[in-house]
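Data block for coords26.csv (CSV, C-alpha atoms):
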chain,number,residue,atom,x,y,z
A,1,MET,CA,-54.9,-8.7,-50.7
A,2,ARG,CA,-51.5,-8.8,-48.8
A,3,ARG,CA,-49.8,-12.2,-48.8
A,4,ARG,CA,-48.7,-13.7,-45.5
A,5,ARG,CA,-45.1,-14.6,-45.1
A,6,PRO,CA,-44.4,-18.3,-44.9
A,7,LEU,CA,-44.1,-19.4,-41.2
A,8,ARG,CA,-40.8,-21.1,-41.8
A,9,LEU,CA,-39.2,-17.9,-43.1
A,10,THR,CA,-40.5,-15.9,-40.0
A,11,ILE,CA,-39.0,-18.5,-37.6
A,12,SER,CA,-35.7,-18.5,-39.4
A,13,VAL,CA,-35.4,-14.7,-39.2
A,14,TRP,CA,-36.0,-14.7,-35.5
A,15,LEU,CA,-33.4,-17.5,-35.0
A,16,VAL,CA,-30.8,-15.4,-36.8
A,17,VAL,CA,-31.6,-12.4,-34.7
A,18,LEU,CA,-31.4,-14.4,-31.4
A,19,VAL,CA,-28.1,-16.0,-32.4
A,20,ALA,CA,-26.7,-12.5,-33.3
A,21,ILE,CA,-27.8,-11.1,-29.9
A,22,GLY,CA,-26.2,-14.1,-28.1
A,23,LEU,CA,-22.9,-13.6,-29.9
A,24,LEU,CA,-22.8,-9.9,-29.0
A,25,LEU,CA,-23.5,-10.6,-25.4
A,26,TRP,CA,-20.9,-13.4,-25.3
A,27,ALA,CA,-18.3,-11.1,-26.9
A,28,GLY,CA,-18.9,-8.5,-24.2
A,29,LEU,CA,-18.2,-10.8,-21.3
A,30,PRO,CA,-14.7,-10.5,-19.7
A,31,ASP,CA,-12.3,-13.4,-19.9
A,32,GLU,CA,-12.3,-15.2,-16.6
A,33,LYS,CA,-8.6,-15.9,-16.8
A,34,GLN,CA,-7.8,-12.2,-17.3
A,35,PRO,CA,-10.3,-10.0,-15.3
A,36,ALA,CA,-10.9,-6.7,-16.9
A,37,THR,CA,-10.0,-3.5,-15.0
A,38,THR,CA,-13.3,-1.7,-15.0
A,39,SER,CA,-12.0,1.6,-13.7
A,40,GLY,CA,-9.5,2.2,-16.5
A,41,GLY,CA,-7.4,4.0,-13.9
A,42,GLU,CA,-3.9,3.6,-12.5
A,43,LEU,CA,-2.4,2.6,-9.2
A,44,LEU,CA,-0.4,5.4,-7.4
A,45,VAL,CA,2.0,4.7,-4.6
A,46,ALA,CA,4.0,7.6,-3.2
A,47,VAL,CA,6.7,7.5,-0.6
A,48,LEU,CA,6.6,11.0,0.7
A,49,ASP,CA,9.7,12.9,1.7
A,50,VAL,CA,9.1,13.3,5.5
A,51,GLY,CA,12.8,12.9,6.5
A,52,GLN,CA,13.7,10.2,9.0
A,53,ALA,CA,10.1,8.9,9.1
A,54,ASP,CA,7.5,7.2,7.1
A,55,SER,CA,4.4,8.3,5.2
A,56,ILE,CA,3.1,6.5,2.1
A,57,PHE,CA,0.1,7.5,0.0
A,58,VAL,CA,-1.8,5.0,-2.1
A,59,ARG,CA,-4.6,5.7,-4.5
A,60,SER,CA,-6.2,2.7,-6.3
A,61,PRO,CA,-7.4,2.6,-9.9
A,62,SER,CA,-11.0,2.9,-8.6
A,63,GLY,CA,-10.1,6.1,-6.7
A,64,ARG,CA,-10.0,4.7,-3.1
A,65,THR,CA,-7.3,6.3,-0.9
A,66,MET,CA,-5.0,5.1,1.9
A,67,LEU,CA,-2.3,6.8,3.9
A,68,VAL,CA,0.2,4.5,5.6
A,69,ASP,CA,1.8,6.4,8.6
A,70,ALA,CA,2.0,10.2,9.0
A,71,GLY,CA,5.6,11.2,9.7
A,72,ASN,CA,7.2,12.4,12.8
A,73,GLU,CA,5.4,15.6,13.7
A,74,ARG,CA,2.8,18.3,12.8
A,75,LYS,CA,5.5,19.9,10.5
A,76,ASP,CA,5.6,16.8,8.3
A,77,VAL,CA,1.8,16.9,7.9
A,78,GLU,CA,1.5,20.7,7.2
A,79,GLY,CA,4.7,21.0,5.1
A,80,VAL,CA,4.6,17.7,3.1
A,81,ILE,CA,1.6,15.4,3.5
A,82,LEU,CA,-1.3,17.8,3.2
A,83,PRO,CA,0.2,19.8,0.4
A,84,TYR,CA,0.8,16.6,-1.5
A,85,LEU,CA,-2.7,15.4,-1.0
A,86,GLN,CA,-4.1,18.8,-2.0
A,87,ARG,CA,-2.2,18.9,-5.2
A,88,ARG,CA,-3.8,15.6,-6.1
A,89,GLY,CA,-7.3,16.6,-5.2
A,90,VAL,CA,-7.5,14.4,-2.1
A,91,SER,CA,-9.6,15.9,0.7
A,92,SER,CA,-10.5,12.7,2.5
A,93,LEU,CA,-9.0,9.2,3.1
A,94,ASP,CA,-10.7,5.9,3.0
A,95,TYR,CA,-8.0,4.3,5.2
A,96,LEU,CA,-5.4,5.7,7.6
A,97,VAL,CA,-3.0,2.9,8.5
A,98,LEU,CA,-0.6,3.1,11.4
A,99,THR,CA,2.1,0.4,10.9
A,100,HIS,CA,3.2,0.7,14.5
A,101,PRO,CA,3.2,3.4,17.3
A,102,ASP,CA,6.7,4.7,17.1
A,103,GLN,CA,7.0,8.5,16.9
A,104,ASP,CA,8.4,8.6,13.3
A,105,HIS,CA,5.2,6.9,12.1
A,106,VAL,CA,2.5,8.2,14.4
A,107,GLY,CA,3.8,11.6,15.3
A,108,GLY,CA,1.8,13.5,12.6
A,109,MET,CA,-1.4,11.6,13.0
A,110,PRO,CA,-3.2,13.9,15.4
A,111,ALA,CA,-2.6,16.8,13.1
A,112,LEU,CA,-3.6,14.8,10.1
A,113,ILE,CA,-6.9,13.7,11.6
A,114,ASP,CA,-7.6,17.3,12.6
A,115,SER,CA,-7.2,18.4,9.0
A,116,LEU,CA,-9.1,16.0,6.9
A,117,SER,CA,-11.9,13.3,6.9
A,118,VAL,CA,-10.9,9.7,7.6
A,119,SER,CA,-13.3,6.8,7.2
A,120,THR,CA,-11.3,3.9,8.7
A,121,PHE,CA,-8.3,3.8,11.0
A,122,VAL,CA,-6.2,0.5,11.0
A,123,ASP,CA,-4.0,-0.1,14.0
A,124,PRO,CA,-1.8,-3.0,15.2
A,125,VAL,CA,-3.1,-2.3,18.8
A,126,HIS,CA,0.1,-2.9,20.8
A,127,PRO,CA,-0.7,-3.3,24.5
A,128,ASP,CA,0.4,-0.8,27.1
A,129,GLU,CA,1.7,1.7,24.5
A,130,THR,CA,2.4,5.1,26.1
A,131,ASN,CA,3.5,7.3,23.1
A,132,GLN,CA,1.5,10.5,23.5
A,133,ALA,CA,0.9,11.0,19.8
A,134,TYR,CA,-0.5,7.5,19.6
A,135,LEU,CA,-2.8,8.1,22.6
A,136,GLN,CA,-3.9,11.5,21.1
A,137,THR,CA,-4.6,9.7,17.8
A,138,LEU,CA,-6.8,7.1,19.5
A,139,GLN,CA,-8.7,9.9,21.3
A,140,ARG,CA,-9.4,11.7,18.0
A,141,VAL,CA,-10.5,8.5,16.3
A,142,GLN,CA,-13.0,7.9,19.0
A,143,ARG,CA,-14.2,11.5,19.2
A,144,LYS,CA,-14.7,11.8,15.4
A,145,GLY,CA,-16.5,8.4,15.1
A,146,ILE,CA,-13.9,7.0,12.8
A,147,LYS,CA,-14.2,3.3,12.3
A,148,ALA,CA,-11.3,1.6,14.2
A,149,VAL,CA,-9.9,-1.8,13.0
A,150,LYS,CA,-7.5,-4.0,14.8
A,151,ALA,CA,-4.9,-5.3,12.3
A,152,ARG,CA,-4.3,-9.0,12.4
A,153,ARG,CA,-3.2,-11.4,9.7
A,154,GLY,CA,-6.1,-13.2,8.1
A,155,GLN,CA,-8.7,-11.2,10.0
A,156,THR,CA,-8.4,-7.6,8.6
A,157,GLU,CA,-9.8,-6.5,5.3
A,158,ILE,CA,-8.7,-3.4,3.5
A,159,ASP,CA,-10.9,-2.7,0.4
A,160,LEU,CA,-9.2,-0.6,-2.2
A,161,GLY,CA,-11.5,-2.0,-4.9
A,162,ALA,CA,-12.0,-5.3,-6.6
A,163,ASP,CA,-9.1,-4.7,-9.0
A,164,THR,CA,-6.6,-3.9,-6.2
A,165,PRO,CA,-6.6,-6.7,-3.7
A,166,VAL,CA,-4.7,-6.0,-0.4
A,167,GLN,CA,-3.3,-8.7,1.8
A,168,LEU,CA,-2.5,-7.9,5.5
A,169,LEU,CA,0.4,-10.3,6.2
A,170,ALA,CA,1.4,-9.1,9.7
A,171,PRO,CA,1.2,-8.7,12.6
A,172,GLU,CA,-0.4,-11.9,14.0
A,173,ASP,CA,-1.1,-13.4,17.3
A,174,PRO,CA,0.8,-14.2,19.4
A,175,LEU,CA,2.7,-11.0,18.8
A,176,LEU,CA,6.5,-11.3,18.6
A,177,ASN,CA,8.5,-10.5,21.6
A,178,ASP,CA,11.6,-9.2,19.8
A,179,ASP,CA,14.5,-8.1,22.0
A,180,ARG,CA,15.4,-5.2,19.6
A,181,SER,CA,12.0,-3.6,19.3
A,182,PHE,CA,8.5,-5.0,20.1
A,183,ASN,CA,6.9,-2.2,18.0
A,184,ASN,CA,9.1,-2.8,14.9
A,185,ALA,CA,8.6,-6.5,15.0
A,186,ASN,CA,4.9,-6.2,15.1
A,187,SER,CA,4.5,-3.7,12.3
A,188,ILE,CA,1.7,-4.0,9.8
A,189,VAL,CA,2.8,-5.5,6.5
A,190,LEU,CA,0.7,-5.0,3.4
A,191,ARG,CA,0.9,-6.5,-0.1
A,192,ILE,CA,-1.0,-4.6,-2.7
A,193,ARG,CA,-1.6,-6.0,-6.2
A,194,PHE,CA,-2.9,-4.4,-9.4
A,195,GLY,CA,-2.8,-6.7,-12.4
A,196,SER,CA,0.6,-8.3,-12.6
A,197,VAL,CA,2.3,-5.6,-10.4
A,198,GLY,CA,2.8,-6.1,-6.7
A,199,VAL,CA,3.9,-3.6,-4.0
A,200,LEU,CA,5.0,-4.7,-0.6
A,201,LEU,CA,4.8,-2.2,2.3
A,202,THR,CA,6.8,-3.4,5.3
A,203,GLY,CA,6.8,-0.8,8.1
A,204,ASP,CA,9.8,-1.2,10.4
A,205,ILE,CA,10.0,-5.0,10.4
A,206,GLU,CA,13.4,-6.7,10.9
A,207,GLU,CA,14.8,-10.2,10.7
A,208,THR,CA,12.5,-11.9,13.2
A,209,THR,CA,9.3,-10.7,11.4
A,210,GLU,CA,10.9,-11.5,8.0
A,211,ASP,CA,11.6,-15.0,9.2
A,212,ARG,CA,8.0,-15.4,10.3
A,213,LEU,CA,6.7,-14.3,7.0
A,214,LEU,CA,9.0,-16.7,5.2
A,215,GLY,CA,7.7,-19.5,7.4
A,216,HIS,CA,4.2,-19.0,6.1
A,217,HIS,CA,5.4,-19.6,2.6
A,218,ASP,CA,3.4,-16.7,1.4
A,219,ASP,CA,3.7,-15.4,-2.2
A,220,LEU,CA,5.8,-12.4,-1.3
A,221,HIS,CA,7.0,-11.7,-4.8
A,222,SER,CA,6.5,-8.0,-5.5
A,223,GLN,CA,8.2,-5.8,-8.1
A,224,ILE,CA,8.1,-2.8,-5.7
A,225,LEU,CA,9.5,-3.1,-2.2
A,226,LYS,CA,9.2,-0.4,0.4
A,227,VAL,CA,12.4,-1.2,2.2
A,228,PRO,CA,11.8,-2.2,5.9
A,229,HIS,CA,13.0,0.0,8.7
A,230,HIS,CA,14.5,2.8,6.6
A,231,GLY,CA,17.2,0.4,5.3
A,232,SER,CA,18.4,-0.8,8.7
A,233,ARG,CA,21.1,-3.5,8.6
A,234,TYR,CA,18.9,-5.7,10.7
A,235,SER,CA,16.3,-5.9,8.0
A,236,SER,CA,16.1,-6.9,4.3
A,237,THR,CA,17.9,-10.1,4.9
A,238,PRO,CA,19.2,-12.1,1.9
A,239,ALA,CA,16.5,-14.8,2.4
A,240,PHE,CA,13.7,-12.2,2.5
A,241,LEU,CA,15.0,-10.3,-0.6
A,242,ASP,CA,15.3,-13.6,-2.5
A,243,ALA,CA,11.6,-14.4,-1.6
A,244,VAL,CA,10.3,-11.0,-2.6
A,245,GLN,CA,12.5,-10.6,-5.7
A,246,PRO,CA,11.9,-6.9,-6.1
A,247,GLU,CA,13.0,-5.0,-9.2
A,248,VAL,CA,12.8,-1.7,-7.3
A,249,ALA,CA,13.5,-0.8,-3.6
A,250,LEU,CA,12.2,2.4,-2.1
A,251,VAL,CA,13.9,3.8,1.0
A,252,SER,CA,12.4,6.5,3.3
A,253,ALA,CA,15.2,8.1,5.3
A,254,GLY,CA,16.3,11.5,6.4
A,255,GLU,CA,19.3,13.2,4.8
A,256,GLY,CA,22.4,12.7,7.1
A,257,ASN,CA,20.4,10.9,9.8
A,258,SER,CA,22.2,9.8,12.9
A,259,TYR,CA,21.2,6.1,12.4
A,260,GLY,CA,23.2,5.7,9.3
A,261,HIS,CA,20.1,4.6,7.3
A,262,PRO,CA,20.2,3.1,4.8
A,263,HIS,CA,23.1,0.9,6.1
A,264,SER,CA,25.9,0.0,3.7
A,265,GLN,CA,25.4,-3.7,4.3
A,266,THR,CA,21.8,-3.4,3.2
A,267,LEU,CA,22.7,-1.4,0.2
A,268,GLU,CA,25.2,-4.1,-0.8
A,269,ARG,CA,22.5,-6.7,-0.7
A,270,PHE,CA,20.4,-4.7,-3.1
A,271,ASP,CA,23.4,-4.1,-5.4
A,272,GLN,CA,24.3,-7.8,-5.4
A,273,ARG,CA,20.8,-8.6,-6.7
A,274,GLY,CA,20.6,-5.8,-9.2
A,275,ILE,CA,17.7,-4.1,-7.4
A,276,GLU,CA,17.3,-0.5,-8.5
A,277,LEU,CA,17.2,1.8,-5.5
A,278,PHE,CA,15.4,5.1,-4.9
A,279,ARG,CA,15.9,7.1,-1.7
A,280,THR,CA,13.9,10.0,-0.3
A,281,ASP,CA,17.0,11.4,1.4
A,282,GLN,CA,18.6,11.8,-2.1
A,283,GLN,CA,15.7,12.2,-4.5
A,284,GLY,CA,12.8,13.4,-2.4
A,285,THR,CA,9.3,12.1,-2.8
A,286,ILE,CA,9.1,8.9,-4.9
A,287,GLU,CA,6.0,8.1,-7.0
A,288,VAL,CA,5.2,4.8,-8.6
A,289,VAL,CA,2.4,4.8,-11.2
A,290,SER,CA,1.2,1.5,-12.7
A,291,ASP,CA,-1.4,0.4,-15.3
A,292,GLY,CA,-1.3,-3.1,-13.9
A,293,GLN,CA,1.2,-4.4,-16.4
A,294,GLN,CA,4.0,-1.8,-16.3
A,295,TYR,CA,5.1,0.9,-13.9
A,296,LYS,CA,6.8,4.2,-14.0
A,297,ILE,CA,8.8,5.9,-11.2
A,298,THR,CA,9.4,9.6,-10.8
A,299,THR,CA,11.0,11.6,-8.0
A,300,ALA,CA,10.7,15.2,-6.8
A,301,LYS,CA,12.4,17.1,-4.0
A,302,LYS,CA,10.5,19.2,-1.4
A,303,GLY,CA,7.5,16.8,-1.1
A,304,GLY,CA,6.8,16.3,-4.8

How would this structure read if it were set down as structure tokens?
Amino acid sequence: MRRRRPLRLTISVWLVVLVAIGLLLWAGLPDEKQPATTSGGELLVAVLDVGQADSIFVRSPSGRTMLVDAGNERKDVEGVILPYLQRRGVSSLDYLVLTHPDQDHVGGMPALIDSLSVSTFVDPVHPDETNQAYLQTLQRVQRKGIKAVKARRGQTEIDLGADTPVQLLAPEDPLLNDDRSFNNANSIVLRIRFGSVGVLLTGDIEETTEDRLLGHHDDLHSQILKVPHHGSRYSSTPAFLDAVQPEVALVSAGEGNSYGHPHSQTLERFDQRGIELFRTDQQGTIEVVSDGQQYKITTAKKGG
């Protein structure tokens, strides 16, 4: 006859098993103070060498993609932007962002939209704009059924994944009536964060917009600053740089451009603060790759 195990022993064994399971589950939970990056990927930010213009590619650790501006003309798209995207296996964009409808930011967008799939178009929607490339862009967005989003501070969400929050800091209503440039003053400004690394993308903002941002007392601190307005002397004011406290500044400018960008006064401000400078006119396409704790910067001529 088989003996029955004592009831107390059976209960004790089950208690030990349940406690062990509980400890294993608890150990597997992420620390709330330091959220885990589930994707295990890296953040890529590339300032493309499109001459005296802007085009910035962003790929989040979760693989979501965003292009901010598209150069001055079709040549920039066909010669630089599309080859760059193709080399990195990108055939579609989650977001296409137009910081403002000046030719050196919107000029290549019609050709870009003709060439690859775009899910969402983000636009500051400046009233009474007559730039033909901008109007052609809007026509293509409507014809292709691309989701169109009006960019306004506190109202616009850009989703690059839970591990890569994006803040849209400008423009906001009422739009600024800047004497120098309405379009520049109301550029889209984005702050991207991955782990402890911040990247600030600033379009062509100048002093008026920088002052407005400072007035909000936002946390502007970002290790990586895409320099406003190609390094114009009217941007990157001392107060703004002191608030951002960048370690690295990235300038998109054309070699020998007629505007004198980046301006010597602006360069001096960077130098005084020990900010390391990278320039597309001298070094070509600039890539920043970050694991959320550290970052690495590489450069390559002829579009990277």

Please return as a ChimeraX atom specification every residue within 10 Å of (11.1, 16.7, 11.8), taking into account all atoms listed in the file and the file's own coordinates. /A:50-53,71-76,104,107-108,254

Do you know which residues are at most 7 Å from Leu190 of chain A counting all atoms listed in the file, after dropping those on the same chain fewer than 3 positions away, and could you put them as a list of chain:residue names?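 Using all atoms listed in the file, the neighbours found are A:Val166, A:Gln167, A:Leu168, A:Leu169, A:Leu200, A:Leu201, A:Thr202.
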
I need every residue sitting at most 6 Å from the point (22.8, 0.8, -2.6) (coordinates as in the file, all atoms listed in the file considered), written as a tab-separated table (two decimals) with C-alpha atoms, in the frame of the given file.
chain	number	residue	atom	x	y	z
A	267	LEU	CA	22.70	-1.40	0.20
A	268	GLU	CA	25.20	-4.10	-0.80
A	271	ASP	CA	23.40	-4.10	-5.40

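Atom to atom, atom CA of Thr237 of chain A and atom CA of Leu176 of chain A stand 17.9 Å apart.
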
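Ranking A:Leu250, A:Leu220, A:Val47, A:Val118 by their shortest atom-to-atom distance to Val141 of chain A, with only C-alpha atoms included, puts A:Val118 first.
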
Please measure the separation of atom CA of Ser232 of chain A and atom CA of Asp204 of chain A, giving the value in Å to one decimal.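 Computed distance, atom CA of Ser232 of chain A to atom CA of Asp204 of chain A, equals 8.8 Å.
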
Tell me, in Å to one decimal, how far atom CA of Leu93 of chain A is from atom CA of Ser117 of chain A. 6.3 Å

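Proximity ranking of A:Leu85, A:Leu98, A:Leu67, A:Ala249 relative to Gly203 of chain A places A:Leu98 first, based on all atoms listed in the file.
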
Among the residues A:Phe240, A:Glu78, A:Gln142, A:Leu277, the one that comes closest to Asp218 of chain A [using only C-alpha atoms]: A:Phe240

Would you pick out the contacts of Val251 of chain A at 12 Å or less, using all atoms listed in the file, so that residues sharing its chain but fewer than 2 positions from it are not included, and give the list as number ranges by chain? A: 46-56, 201-204, 224-232, 236, 248-249, 253-255, 261-263, 266-267, 270, 276-286
